[in-house]
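Student: This is the structure I have questions about; it appears just below.
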Amino acid sequence: MAAAAVAVPLAILLGLQLHALVQLQETATATQRTALRAYTKAVLRGLEDFYRAKARAALAVPAQSLRDPSPEPLAAHFAAQDGDGVRLFFALAFDAGGPAPLRFFAADGRALALPEAAPEARAARVAAAPWQLVAEEGGRLEAASSVVSEQLPAHRVIARPILDADGRPIGVAGLVIDEAFVRERYLPAAIDAERARLPEPLRAGVETEVRTGLDDAGRGAAAEAGDEVELPFRFVFSDWALAVRGRLMSAEAWARRSLRINLGLSLLMTAMLLAALGLALRSAARATQLSQMKTEFVSNVSHELRTPLASIRVFGEFLRLGRVTDPEKVREYGEYIEAESGRLTQLVNNLLDFSRIDSGRRSFRFEDVDLARAAAETLQALDVRLRQGGFRASLRAPDEPLPPIWADRAAVGQVLTNLLDNALKYSGAPREVEIELAREAGCVAISVSDRGPGIDPAEQERIFERFYRIGSGLVHDAKGSGLGLAIVRHVVEAHGGSVSVRSRPGEGSTFTVRWPIHGAA
Ligand code: ADP
């Protein structure tokens with residue numbers, strides 16, 4: 001019932017989360033593709049802007065420099081430009097008379113002498129041809145604009161017409177692009193800079209490739225397949241394309257991973273919730289059990305109190321009324337009264353002790369205690385009960401004297417009384433109780449053995465719990481409070497010692513307490 005109360009909302013929660021995660025996965029994939037596209041476009045736009053700006057500045061050659069027969073003014077103009085990305089500058093004048101002089105300059109402005117048949121010269125003339133045509137026809141232009149000519153892929157040219165005051169083209173200024181610069185310096189730097197702007201999870205896995213020499217079909221089919229984005233270059237290098245792929249983690253893989261993480265977390269949360277529920281249920285069950293044990297405790301204790309009181313009253317009455325005159329009987333009744341009041345004292349001691357332990361007020365007065373003597377005294381105090389029950393008790397100790405233990409004398413007596421009391425209470429036919437003392441490393445051990453019904457191994461730990469009594473199995477009708485062994489364990493552990501039980505059903509039990517000796521405690 002309780003499990004269903006957790007499981008149903010959890011199942012709904014998980015279902016909703018799964019749905020949301022699947023949607024998120026789809027969105028994430030699309031988002032990543034968009035990010036990769038923006039990245040690719042930024043690199044391409046950067047290169048276009050770079051050459052457009054260069055052409056606008058470097059190729060705006062003053063008309064009179066072109067007309068000047070000396071190369072100096074042109075050389076000075078080109079020398080003043082930023083030559084990055086430029087292999088050569090050139091200027092071509094459409095002179096109405098004579099052959100059109102084509103002059104070349106290095107990227108730093110130096111005048112160069114190139115043969116008329118050089119491929120660069122051909123590329124320059126091809127680029128200038130449209131404006132030359134306009135000039136020959138006496139046409140005018142509204143403004144000069146840069147044009148790229150890539151007829152010879154090894155000598156890509158950007159050219160710009162030079163206009164006179166009326167807008168008539170009088171020549172062309174141009175530059176031959178330095179492809180090595182673009183490939184080896186410009187693109188790697190631009191790719192790095194743009195990649196740094198990508199979202200973190202995408203950045204590490206991005207792989208960028210420049211594809212060159214695409215024909216018309218390849219350019220047209222600039223593909224975007226799977227996790228790949230491919231866009232053609234614009235303005236310059238129009239036969240190139242930039243291909244970008246999320247190498248280490250594709251968009252799908254990334255979304256899948258986050259789905260897995262979220263699912264894992266949800267399952268973990270579910271497991272923790274169920275564990276918490278289990279714990280709560282268990283502690284509730286324990287509380288119920290404890291309250292049940294307390295109820296039994298009250299009834300047990302009432303019985304424990306009433307029985308000896310009743311005997312004491314009856315025997316007392318006999319004696320008072322003087323009905324018994326036989327001195328032997330008088331002594332016997334006296335012994336009963338003594339034994340019963342001894343049991344009462346012990347019960348009351350246990351109850352008081354328990355309440356002190358429970359409220360943390362139990363304190364001990366430590367001194368050197370001779371354990372053999374304490375055992376003998378306890379046996380002596382129980383003598384009447386032993387005789388009444390027909391028990392044979394023996395006390396065995398090693399020959400050499402034992403070192404004293406460091407303990408509270410009264411508490412030691414109480415522990416021994418509780419153990420012996422149990423041995424008497426639960427013993428069966430062979431009415432034998434044995435106490436044995438032994439020297440061990442750092443402690444003195446005392447064992448109390450009986451030939452009683454023994455204790456089931458499954459119960460051997462629980463009998464030390466407060467109020468715990470074995471109710472079934474080896475049923476006994478001996479009454480008790482369920483506090484005896486709990487007090488034994490508490491006292492012994494407070495002394496730095498330990499208590500253990502060795503028992504097999506039907507074969508009796510041996511309780512062993514180890515008390516630290518002075519100095520080891
Ligand atoms: P009480 O004797 O008052 O019931 P204890 O804490 O002394 O409480 O003992 C707890 C339980 O352990 C007892 O109810 C009994 O079932 C079991 N037990 C203790 N000592 C012995 C023993 N010597 N032989 C068999 N069972 C024992």
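In the structure tokens, chains take the letters A, B, ... in the order shown, each chain's residues start at 1, and ligands count up from 1 in the order shown.
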Each residue of chain A lying at most 7 Å from ligand 1 should get a row with its shortest atom-to-atom pair and the distance in Å to one decimal, counting only C-alpha atoms and all ligand atoms; could you produce that, ordered by chain and increasing number, as CSV?

Tutor:
residue,atom,partner,partner_atom_place_in_ligand_line,distance
A:Asn418,CA,ligand 1,7 (O),6.5
A:Leu419,CA,ligand 1,20 (N),6.9
A:Asn422,CA,ligand 1,20 (N),4.6
A:Ala423,CA,ligand 1,23 (N),4.2
A:Tyr426,CA,ligand 1,24 (N),5.1
A:Ser427,CA,ligand 1,24 (N),6.6
A:Asp450,CA,ligand 1,23 (N),6.3
A:Gly452,CA,ligand 1,24 (N),5.6
A:Pro453,CA,ligand 1,25 (C),5.7
A:Gly454,CA,ligand 1,25 (C),4.8
A:Ile455,CA,ligand 1,25 (C),5.3
A:Ile463,CA,ligand 1,12 (O),4.6
A:Phe464,CA,ligand 1,6 (O),5.9
A:Arg466,CA,ligand 1,6 (O),6.8
A:Phe467,CA,ligand 1,6 (O),6.9
A:Tyr468,CA,ligand 1,10 (C),5.7
A:Arg469,CA,ligand 1,14 (O),3.5
A:Ile470,CA,ligand 1,16 (O),4.0
A:Gly471,CA,ligand 1,16 (O),6.9
A:Lys479,CA,ligand 1,4 (O),6.4
A:Gly480,CA,ligand 1,3 (O),3.3
A:Ser481,CA,ligand 1,3 (O),3.9
A:Gly482,CA,ligand 1,8 (O),3.2
A:Leu483,CA,ligand 1,6 (O),4.4
A:Gly484,CA,ligand 1,7 (O),3.5
A:Leu485,CA,ligand 1,6 (O),3.7
A:Ala486,CA,ligand 1,6 (O),5.5
A:Gly508,CA,ligand 1,24 (N),6.5
A:Ser509,CA,ligand 1,23 (N),5.5

Student: Any chance you could export the current selection's N, CA, C and O atoms as a short mmCIF file (atom, residue, chain, number, x, y, z; two decimals), in the first residue's frame?

Tutor:
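Dumped to part_7.cif:
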data_model
loop_
_atom_site.label_atom_id
_atom_site.label_comp_id
_atom_site.auth_asym_id
_atom_site.auth_seq_id
_atom_site.Cartn_x
_atom_site.Cartn_y
_atom_site.Cartn_z
N ASN A 418 22.56 -10.98 38.32
CA ASN A 418 21.67 -11.11 37.17
C ASN A 418 21.96 -12.37 36.38
O ASN A 418 21.04 -13.09 35.96
N LEU A 419 23.25 -12.67 36.17
CA LEU A 419 23.60 -13.86 35.38
C LEU A 419 23.20 -15.13 36.13
O LEU A 419 22.62 -16.06 35.55
N ASN A 422 19.42 -15.64 36.16
CA ASN A 422 18.94 -16.25 34.91
C ASN A 422 19.24 -17.75 34.90
O ASN A 422 18.39 -18.55 34.49
N ALA A 423 20.47 -18.12 35.32
CA ALA A 423 20.85 -19.54 35.30
C ALA A 423 19.88 -20.34 36.17
O ALA A 423 19.46 -21.44 35.77
N TYR A 426 16.15 -20.26 34.43
CA TYR A 426 15.89 -20.97 33.18
C TYR A 426 16.43 -22.40 33.16
O TYR A 426 16.34 -23.06 32.14
N SER A 427 17.04 -22.85 34.26
CA SER A 427 17.64 -24.19 34.25
C SER A 427 16.60 -25.29 34.29
O SER A 427 15.55 -25.15 34.92
N ASP A 450 25.05 -22.90 32.75
CA ASP A 450 23.96 -23.71 33.30
C ASP A 450 23.66 -24.84 32.35
O ASP A 450 24.20 -24.90 31.25
N GLY A 452 20.61 -25.47 31.30
CA GLY A 452 19.22 -25.16 30.96
C GLY A 452 18.88 -25.42 29.51
O GLY A 452 19.59 -26.15 28.81
N PRO A 453 17.79 -24.79 29.01
CA PRO A 453 17.29 -25.08 27.66
C PRO A 453 18.16 -24.51 26.54
O PRO A 453 17.97 -24.87 25.39
N GLY A 454 19.09 -23.64 26.89
CA GLY A 454 19.92 -23.03 25.85
C GLY A 454 19.17 -21.94 25.10
O GLY A 454 17.98 -21.71 25.35
N ILE A 455 19.88 -21.28 24.22
CA ILE A 455 19.29 -20.13 23.51
C ILE A 455 19.53 -20.29 22.01
O ILE A 455 20.65 -20.57 21.58
N ILE A 463 18.80 -10.95 23.04
CA ILE A 463 18.48 -11.06 24.47
C ILE A 463 19.14 -9.95 25.29
O ILE A 463 18.73 -9.68 26.40
N PHE A 464 20.14 -9.26 24.69
CA PHE A 464 20.79 -8.16 25.42
C PHE A 464 20.05 -6.84 25.25
O PHE A 464 20.43 -5.84 25.82
N ARG A 466 17.02 -4.18 25.74
CA ARG A 466 16.12 -3.91 26.85
C ARG A 466 14.71 -4.43 26.54
O ARG A 466 14.27 -4.38 25.40
N PHE A 467 14.05 -4.94 27.54
CA PHE A 467 12.69 -5.50 27.47
C PHE A 467 12.60 -6.79 26.67
O PHE A 467 11.54 -7.40 26.62
N TYR A 468 13.69 -7.16 25.98
CA TYR A 468 13.55 -8.33 25.10
C TYR A 468 13.53 -9.62 25.91
O TYR A 468 14.41 -9.87 26.71
N ARG A 469 12.51 -10.44 25.65
CA ARG A 469 12.41 -11.74 26.30
C ARG A 469 12.04 -12.74 25.23
O ARG A 469 11.30 -12.43 24.31
N ILE A 470 12.58 -13.93 25.36
CA ILE A 470 12.22 -14.96 24.37
C ILE A 470 10.84 -15.48 24.75
O ILE A 470 10.65 -15.96 25.87
N GLY A 471 9.90 -15.33 23.82
CA GLY A 471 8.53 -15.67 24.19
C GLY A 471 8.13 -17.04 23.71
O GLY A 471 7.28 -17.71 24.29
N LYS A 479 9.02 -15.81 34.85
CA LYS A 479 8.70 -14.41 34.56
C LYS A 479 9.97 -13.58 34.70
O LYS A 479 10.92 -13.97 35.38
N GLY A 480 9.95 -12.43 34.10
CA GLY A 480 11.13 -11.56 34.20
C GLY A 480 10.79 -10.22 33.62
O GLY A 480 9.71 -10.04 33.04
N SER A 481 11.70 -9.27 33.79
CA SER A 481 11.44 -7.91 33.31
C SER A 481 12.03 -7.67 31.92
O SER A 481 11.69 -6.73 31.24
N GLY A 482 12.95 -8.55 31.51
CA GLY A 482 13.63 -8.32 30.23
C GLY A 482 14.72 -7.27 30.35
O GLY A 482 15.25 -6.81 29.34
N LEU A 483 15.08 -6.91 31.58
CA LEU A 483 16.09 -5.85 31.77
C LEU A 483 17.45 -6.41 32.18
O LEU A 483 18.48 -5.77 32.00
N GLY A 484 17.44 -7.65 32.76
CA GLY A 484 18.66 -8.19 33.37
C GLY A 484 19.88 -8.11 32.48
O GLY A 484 20.89 -7.51 32.85
N LEU A 485 19.80 -8.70 31.29
CA LEU A 485 20.98 -8.75 30.42
C LEU A 485 21.31 -7.38 29.82
O LEU A 485 22.47 -7.08 29.57
N ALA A 486 20.27 -6.56 29.62
CA ALA A 486 20.53 -5.21 29.10
C ALA A 486 21.38 -4.45 30.11
O ALA A 486 22.33 -3.74 29.74
N GLY A 508 22.29 -26.05 27.30
CA GLY A 508 22.71 -25.08 28.32
C GLY A 508 23.37 -23.86 27.72
O GLY A 508 23.57 -23.78 26.50
N SER A 509 23.69 -22.90 28.58
CA SER A 509 24.27 -21.64 28.10
C SER A 509 25.45 -21.25 28.99
O SER A 509 25.47 -21.57 30.18
#

Student: Mind listing the alpha helix (DSSP H) residues of segment 3-217 of chain A, per DSSP on the backbone, as a ChimeraX atom specification?

Tutor: /A:3-58,63-67,72-79,119-136,179-181,187-195,200-203,216-217

Student: Using DSSP on the backbone coordinates, identify the residues of segment 121-233 of chain A assigned to strand (DSSP E or B); present them as number ranges by chain.

Tutor: A: 147-149, 157-163, 169-177, 206-211, 228-232

Student: Store the residues of this selection in a file with N, CA, C and O atoms, as a CSV table (one decimal), in the first residue's frame.

Tutor:
chain,number,residue,atom,x,y,z
A,147,VAL,N,36.4,43.3,-57.4
A,147,VAL,CA,35.9,42.1,-58.0
A,147,VAL,C,37.0,41.1,-57.9
A,147,VAL,O,38.2,41.4,-57.9
A,148,VAL,N,36.6,39.8,-57.7
A,148,VAL,CA,37.5,38.8,-57.5
A,148,VAL,C,37.6,38.0,-58.8
A,148,VAL,O,36.5,37.7,-59.4
A,149,SER,N,38.8,37.6,-59.2
A,149,SER,CA,38.9,36.8,-60.4
A,149,SER,C,39.8,35.6,-60.0
A,149,SER,O,40.9,35.7,-59.6
A,157,VAL,N,43.1,36.8,-57.9
A,157,VAL,CA,43.3,38.3,-58.0
A,157,VAL,C,42.0,39.0,-57.5
A,157,VAL,O,40.9,38.6,-57.7
A,158,ILE,N,42.3,40.1,-56.7
A,158,ILE,CA,41.2,41.0,-56.4
A,158,ILE,C,41.5,42.3,-57.2
A,158,ILE,O,42.7,42.8,-57.0
A,159,ALA,N,40.6,42.8,-58.0
A,159,ALA,CA,40.9,44.0,-58.7
A,159,ALA,C,39.9,45.1,-58.5
A,159,ALA,O,38.7,44.8,-58.1
A,160,ARG,N,40.3,46.3,-58.8
A,160,ARG,CA,39.3,47.4,-58.5
A,160,ARG,C,39.7,48.5,-59.6
A,160,ARG,O,40.9,48.8,-59.8
A,161,PRO,N,38.7,49.1,-60.2
A,161,PRO,CA,39.0,50.1,-61.3
A,161,PRO,C,39.4,51.4,-60.7
A,161,PRO,O,39.0,51.7,-59.5
A,162,ILE,N,40.3,52.1,-61.4
A,162,ILE,CA,40.6,53.5,-61.0
A,162,ILE,C,39.9,54.4,-61.9
A,162,ILE,O,40.0,54.3,-63.2
A,163,LEU,N,39.1,55.3,-61.3
A,163,LEU,CA,38.3,56.2,-62.2
A,163,LEU,C,38.8,57.6,-62.2
A,163,LEU,O,39.4,58.1,-61.2
A,169,PRO,N,36.8,54.7,-66.3
A,169,PRO,CA,37.9,53.9,-65.8
A,169,PRO,C,39.2,54.2,-66.6
A,169,PRO,O,39.2,54.1,-67.9
A,170,ILE,N,40.3,54.5,-65.9
A,170,ILE,CA,41.5,54.8,-66.6
A,170,ILE,C,42.6,53.7,-66.3
A,170,ILE,O,43.7,53.7,-66.8
A,171,GLY,N,42.2,52.8,-65.5
A,171,GLY,CA,43.1,51.7,-65.2
A,171,GLY,C,42.5,50.8,-64.1
A,171,GLY,O,41.4,51.0,-63.6
A,172,VAL,N,43.4,49.9,-63.6
A,172,VAL,CA,42.9,49.0,-62.6
A,172,VAL,C,44.1,48.8,-61.6
A,172,VAL,O,45.3,48.7,-62.0
A,173,ALA,N,43.7,48.7,-60.3
A,173,ALA,CA,44.7,48.4,-59.3
A,173,ALA,C,44.3,47.0,-58.7
A,173,ALA,O,43.1,46.7,-58.6
A,174,GLY,N,45.3,46.2,-58.4
A,174,GLY,CA,44.9,44.8,-57.9
A,174,GLY,C,45.9,44.2,-57.0
A,174,GLY,O,47.0,44.7,-56.8
A,175,LEU,N,45.5,43.1,-56.4
A,175,LEU,CA,46.4,42.3,-55.6
A,175,LEU,C,46.3,40.8,-55.9
A,175,LEU,O,45.2,40.4,-56.3
A,176,VAL,N,47.4,40.1,-55.8
A,176,VAL,CA,47.4,38.7,-56.0
A,176,VAL,C,47.4,38.1,-54.6
A,176,VAL,O,48.2,38.5,-53.7
A,177,ILE,N,46.4,37.2,-54.3
A,177,ILE,CA,46.2,36.7,-52.9
A,177,ILE,C,47.3,35.7,-52.6
A,177,ILE,O,47.7,34.9,-53.4
A,206,VAL,N,35.0,19.7,-31.6
A,206,VAL,CA,34.8,20.3,-32.9
A,206,VAL,C,36.0,20.0,-33.8
A,206,VAL,O,37.2,20.2,-33.4
A,207,GLU,N,35.7,19.6,-35.0
A,207,GLU,CA,36.8,19.3,-36.0
A,207,GLU,C,36.5,20.1,-37.2
A,207,GLU,O,35.4,20.0,-37.8
A,208,THR,N,37.4,20.9,-37.7
A,208,THR,CA,37.1,21.8,-38.8
A,208,THR,C,38.1,21.5,-39.9
A,208,THR,O,39.3,21.3,-39.7
A,209,GLU,N,37.5,21.4,-41.2
A,209,GLU,CA,38.4,21.0,-42.3
A,209,GLU,C,38.1,21.9,-43.5
A,209,GLU,O,36.9,22.3,-43.7
A,210,VAL,N,39.2,22.3,-44.1
A,210,VAL,CA,39.0,23.2,-45.3
A,210,VAL,C,39.0,22.2,-46.5
A,210,VAL,O,40.0,21.5,-46.7
A,211,ARG,N,37.9,22.3,-47.3
A,211,ARG,CA,37.9,21.4,-48.5
A,211,ARG,C,38.2,22.3,-49.7
A,211,ARG,O,37.4,23.3,-49.9
A,228,GLU,N,27.3,17.0,-39.6
A,228,GLU,CA,28.3,17.8,-40.3
A,228,GLU,C,27.6,19.1,-40.9
A,228,GLU,O,26.5,19.1,-41.3
A,229,VAL,N,28.4,20.2,-40.8
A,229,VAL,CA,28.0,21.4,-41.4
A,229,VAL,C,29.0,21.7,-42.5
A,229,VAL,O,30.2,21.7,-42.2
A,230,GLU,N,28.6,22.0,-43.7
A,230,GLU,CA,29.6,22.4,-44.7
A,230,GLU,C,29.1,23.6,-45.5
A,230,GLU,O,28.0,23.6,-46.1
A,231,LEU,N,29.8,24.7,-45.5
A,231,LEU,CA,29.4,25.9,-46.1
A,231,LEU,C,30.5,26.4,-47.1
A,231,LEU,O,31.7,26.3,-46.8
A,232,PRO,N,30.1,26.9,-48.3
A,232,PRO,CA,31.2,27.4,-49.2
A,232,PRO,C,31.7,28.7,-48.8
A,232,PRO,O,31.1,29.5,-48.1

Student: Can you tell me which residues surround Ile312 of chain A at a distance of at most 8 Å, considering only C-alpha atoms, apart from same-chain residues fewer than 3 positions away, and format the answer as a PyMOL selection string?

Tutor: chain A and resi 308-309+315-316+336-337+340-341

Student: Set the distance at 8 Å and use only C-alpha atoms: which residues neighbour segment 400-411 of chain A once local chain neighbours fewer than 5 positions away are removed? I'd like the list as a list in words.

Tutor: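 Using only C-alpha atoms, the neighbours found are Phe364, Arg365, Phe366, Glu367, Asp368, Val369, Asp370, Leu371, Ala372, Ala374, Arg439, Cys443, Val444, Val491, His495, Trp515, Pro516, Ile517, His518, Gly519 and Ala521 of chain A.
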
Student: Take atom CA of Gly334 of chain A and atom CA of Gly322 of chain A and report the distance between them in Å, one decimal.

Tutor: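 Result for atom CA of Gly334 of chain A versus atom CA of Gly322 of chain A: 13.2 Å, one decimal.
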
Student: Which polymer residues have any atom within 12 Å of an atom of Phe233 of chain A, counting only C-alpha atoms, with same-chain residues fewer than 4 positions away left out, as a PDB file with N, CA, C and O atoms, in the first residue's frame?

Tutor:
ATOM      1  N   THR A  40      30.778  28.223 -38.236  1.00  0.00           N
ATOM      2  CA  THR A  40      31.308  28.122 -39.597  1.00  0.00           C
ATOM      3  C   THR A  40      31.145  29.449 -40.332  1.00  0.00           C
ATOM      4  O   THR A  40      32.079  29.954 -40.969  1.00  0.00           O
ATOM      5  N   LYS A  41      29.946  30.028 -40.216  1.00  0.00           N
ATOM      6  CA  LYS A  41      29.665  31.287 -40.919  1.00  0.00           C
ATOM      7  C   LYS A  41      30.591  32.388 -40.438  1.00  0.00           C
ATOM      8  O   LYS A  41      31.051  33.206 -41.227  1.00  0.00           O
ATOM      9  N   ALA A  42      30.863  32.412 -39.130  1.00  0.00           N
ATOM     10  CA  ALA A  42      31.691  33.481 -38.574  1.00  0.00           C
ATOM     11  C   ALA A  42      33.102  33.409 -39.147  1.00  0.00           C
ATOM     12  O   ALA A  42      33.700  34.439 -39.481  1.00  0.00           O
ATOM     13  N   VAL A  43      33.634  32.180 -39.270  1.00  0.00           N
ATOM     14  CA  VAL A  43      34.993  32.041 -39.825  1.00  0.00           C
ATOM     15  C   VAL A  43      35.007  32.551 -41.267  1.00  0.00           C
ATOM     16  O   VAL A  43      35.877  33.330 -41.670  1.00  0.00           O
ATOM     17  N   LEU A  44      33.997  32.151 -42.033  1.00  0.00           N
ATOM     18  CA  LEU A  44      33.947  32.524 -43.450  1.00  0.00           C
ATOM     19  C   LEU A  44      33.752  34.038 -43.621  1.00  0.00           C
ATOM     20  O   LEU A  44      34.400  34.674 -44.452  1.00  0.00           O
ATOM     21  N   ARG A  45      32.857  34.596 -42.795  1.00  0.00           N
ATOM     22  CA  ARG A  45      32.593  36.028 -42.917  1.00  0.00           C
ATOM     23  C   ARG A  45      33.854  36.829 -42.565  1.00  0.00           C
ATOM     24  O   ARG A  45      34.157  37.843 -43.170  1.00  0.00           O
ATOM     25  N   GLY A  46      34.594  36.324 -41.601  1.00  0.00           N
ATOM     26  CA  GLY A  46      35.831  36.996 -41.181  1.00  0.00           C
ATOM     27  C   GLY A  46      36.807  37.121 -42.348  1.00  0.00           C
ATOM     28  O   GLY A  46      37.376  38.194 -42.582  1.00  0.00           O
ATOM     29  N   LEU A  47      36.954  36.029 -43.099  1.00  0.00           N
ATOM     30  CA  LEU A  47      37.901  36.051 -44.216  1.00  0.00           C
ATOM     31  C   LEU A  47      37.422  37.014 -45.307  1.00  0.00           C
ATOM     32  O   LEU A  47      38.200  37.790 -45.869  1.00  0.00           O
ATOM     33  N   GLU A  48      36.123  36.988 -45.555  1.00  0.00           N
ATOM     34  CA  GLU A  48      35.565  37.885 -46.578  1.00  0.00           C
ATOM     35  C   GLU A  48      35.799  39.340 -46.178  1.00  0.00           C
ATOM     36  O   GLU A  48      36.292  40.142 -46.974  1.00  0.00           O
ATOM     37  N   ASP A  49      35.495  39.650 -44.903  1.00  0.00           N
ATOM     38  CA  ASP A  49      35.669  41.029 -44.430  1.00  0.00           C
ATOM     39  C   ASP A  49      37.129  41.455 -44.529  1.00  0.00           C
ATOM     40  O   ASP A  49      37.442  42.587 -44.890  1.00  0.00           O
ATOM     41  N   LEU A 187      43.480  31.181 -41.454  1.00  0.00           N
ATOM     42  CA  LEU A 187      42.396  30.272 -41.074  1.00  0.00           C
ATOM     43  C   LEU A 187      42.624  29.597 -39.709  1.00  0.00           C
ATOM     44  O   LEU A 187      41.715  29.581 -38.883  1.00  0.00           O
ATOM     45  N   VAL A 210      39.161  22.330 -44.135  1.00  0.00           N
ATOM     46  CA  VAL A 210      38.994  23.175 -45.323  1.00  0.00           C
ATOM     47  C   VAL A 210      39.022  22.245 -46.534  1.00  0.00           C
ATOM     48  O   VAL A 210      39.971  21.489 -46.716  1.00  0.00           O
ATOM     49  N   ARG A 211      37.937  22.271 -47.320  1.00  0.00           N
ATOM     50  CA  ARG A 211      37.912  21.429 -48.531  1.00  0.00           C
ATOM     51  C   ARG A 211      38.155  22.333 -49.721  1.00  0.00           C
ATOM     52  O   ARG A 211      37.444  23.320 -49.906  1.00  0.00           O
ATOM     53  N   THR A 212      39.155  21.989 -50.528  1.00  0.00           N
ATOM     54  CA  THR A 212      39.531  22.883 -51.625  1.00  0.00           C
ATOM     55  C   THR A 212      39.205  22.245 -52.958  1.00  0.00           C
ATOM     56  O   THR A 212      38.919  21.045 -53.038  1.00  0.00           O
ATOM     57  N   GLY A 213      39.294  23.095 -53.997  1.00  0.00           N
ATOM     58  CA  GLY A 213      39.161  22.598 -55.370  1.00  0.00           C
ATOM     59  C   GLY A 213      37.828  21.944 -55.681  1.00  0.00           C
ATOM     60  O   GLY A 213      37.766  20.970 -56.417  1.00  0.00           O
ATOM     61  N   LEU A 214      36.739  22.439 -55.068  1.00  0.00           N
ATOM     62  CA  LEU A 214      35.430  21.860 -55.381  1.00  0.00           C
ATOM     63  C   LEU A 214      34.974  22.373 -56.740  1.00  0.00           C
ATOM     64  O   LEU A 214      35.136  23.555 -57.050  1.00  0.00           O
ATOM     65  N   ARG A 219      30.412  22.472 -55.117  1.00  0.00           N
ATOM     66  CA  ARG A 219      30.087  23.721 -54.457  1.00  0.00           C
ATOM     67  C   ARG A 219      28.582  23.828 -54.238  1.00  0.00           C
ATOM     68  O   ARG A 219      28.116  24.216 -53.192  1.00  0.00           O
ATOM     69  N   GLY A 220      27.867  23.411 -55.279  1.00  0.00           N
ATOM     70  CA  GLY A 220      26.407  23.503 -55.197  1.00  0.00           C
ATOM     71  C   GLY A 220      25.874  22.571 -54.125  1.00  0.00           C
ATOM     72  O   GLY A 220      24.909  22.878 -53.450  1.00  0.00           O
ATOM     73  N   ALA A 222      27.184  21.735 -51.343  1.00  0.00           N
ATOM     74  CA  ALA A 222      27.761  21.923 -50.009  1.00  0.00           C
ATOM     75  C   ALA A 222      26.830  21.274 -49.003  1.00  0.00           C
ATOM     76  O   ALA A 222      25.742  21.754 -48.744  1.00  0.00           O
ATOM     77  N   PHE A 237      38.199  32.538 -52.749  1.00  0.00           N
ATOM     78  CA  PHE A 237      38.239  31.081 -52.614  1.00  0.00           C
ATOM     79  C   PHE A 237      36.844  30.464 -52.776  1.00  0.00           C
ATOM     80  O   PHE A 237      36.414  29.638 -51.983  1.00  0.00           O
ATOM     81  N   SER A 238      36.175  30.874 -53.851  1.00  0.00           N
ATOM     82  CA  SER A 238      34.786  30.419 -54.000  1.00  0.00           C
ATOM     83  C   SER A 238      34.708  28.939 -54.344  1.00  0.00           C
ATOM     84  O   SER A 238      33.631  28.358 -54.336  1.00  0.00           O
ATOM     85  N   ASP A 239      35.854  28.288 -54.621  1.00  0.00           N
ATOM     86  CA  ASP A 239      35.820  26.846 -54.856  1.00  0.00           C
ATOM     87  C   ASP A 239      36.234  26.068 -53.602  1.00  0.00           C
ATOM     88  O   ASP A 239      36.539  24.890 -53.661  1.00  0.00           O
ATOM     89  N   TRP A 240      36.271  26.785 -52.474  1.00  0.00           N
ATOM     90  CA  TRP A 240      36.593  26.100 -51.213  1.00  0.00           C
ATOM     91  C   TRP A 240      35.334  26.024 -50.352  1.00  0.00           C
ATOM     92  O   TRP A 240      34.399  26.788 -50.528  1.00  0.00           O
ATOM     93  N   ALA A 241      35.377  25.063 -49.403  1.00  0.00           N
ATOM     94  CA  ALA A 241      34.275  24.982 -48.436  1.00  0.00           C
ATOM     95  C   ALA A 241      34.860  24.657 -47.060  1.00  0.00           C
ATOM     96  O   ALA A 241      35.942  24.081 -46.957  1.00  0.00           O
ATOM     97  N   LEU A 242      34.141  25.078 -46.047  1.00  0.00           N
ATOM     98  CA  LEU A 242      34.572  24.787 -44.677  1.00  0.00           C
ATOM     99  C   LEU A 242      33.626  23.726 -44.116  1.00  0.00           C
ATOM    100  O   LEU A 242      32.418  23.930 -44.075  1.00  0.00           O
ATOM    101  N   ALA A 243      34.211  22.568 -43.735  1.00  0.00           N
ATOM    102  CA  ALA A 243      33.378  21.489 -43.196  1.00  0.00           C
ATOM    103  C   ALA A 243      33.650  21.379 -41.697  1.00  0.00           C
ATOM    104  O   ALA A 243      34.789  21.373 -41.270  1.00  0.00           O
TER     105      ALA A 243
END

Student: So that I can check the surroundings of segment 190-199 of chain A, please list as a ChimeraX atom specification every protein, DNA and RNA residue that reaches within 7 Å of it, counting only C-alpha atoms and ignoring chain neighbours fewer than 4 positions away.

Tutor: /A:39,43,186,203

Student: Atom CA of Val348 of chain A and atom CA of Gln414 of chain A are how many Å apart?

Tutor: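 Taking atom CA of Val348 of chain A and atom CA of Gln414 of chain A, their separation equals 11.6 Å.
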
Student: Atom CA of Ala80 of chain A to atom CA of Leu141 of chain A: how many Å, to one decimal?

Tutor: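 These atoms are spaced 26.9 Å apart.
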
Student: What's the 10 Å shell around Ser266 of chain A, counting only C-alpha atoms, without same-chain residues fewer than 2 positions away, as a list in words?

Tutor: Leu10, Leu13, Leu14, Gln17, Leu18, Arg260, Ile261, Asn262, Leu263, Gly264, Leu268, Met269, Thr270, Ala271 and Met272 of chain A
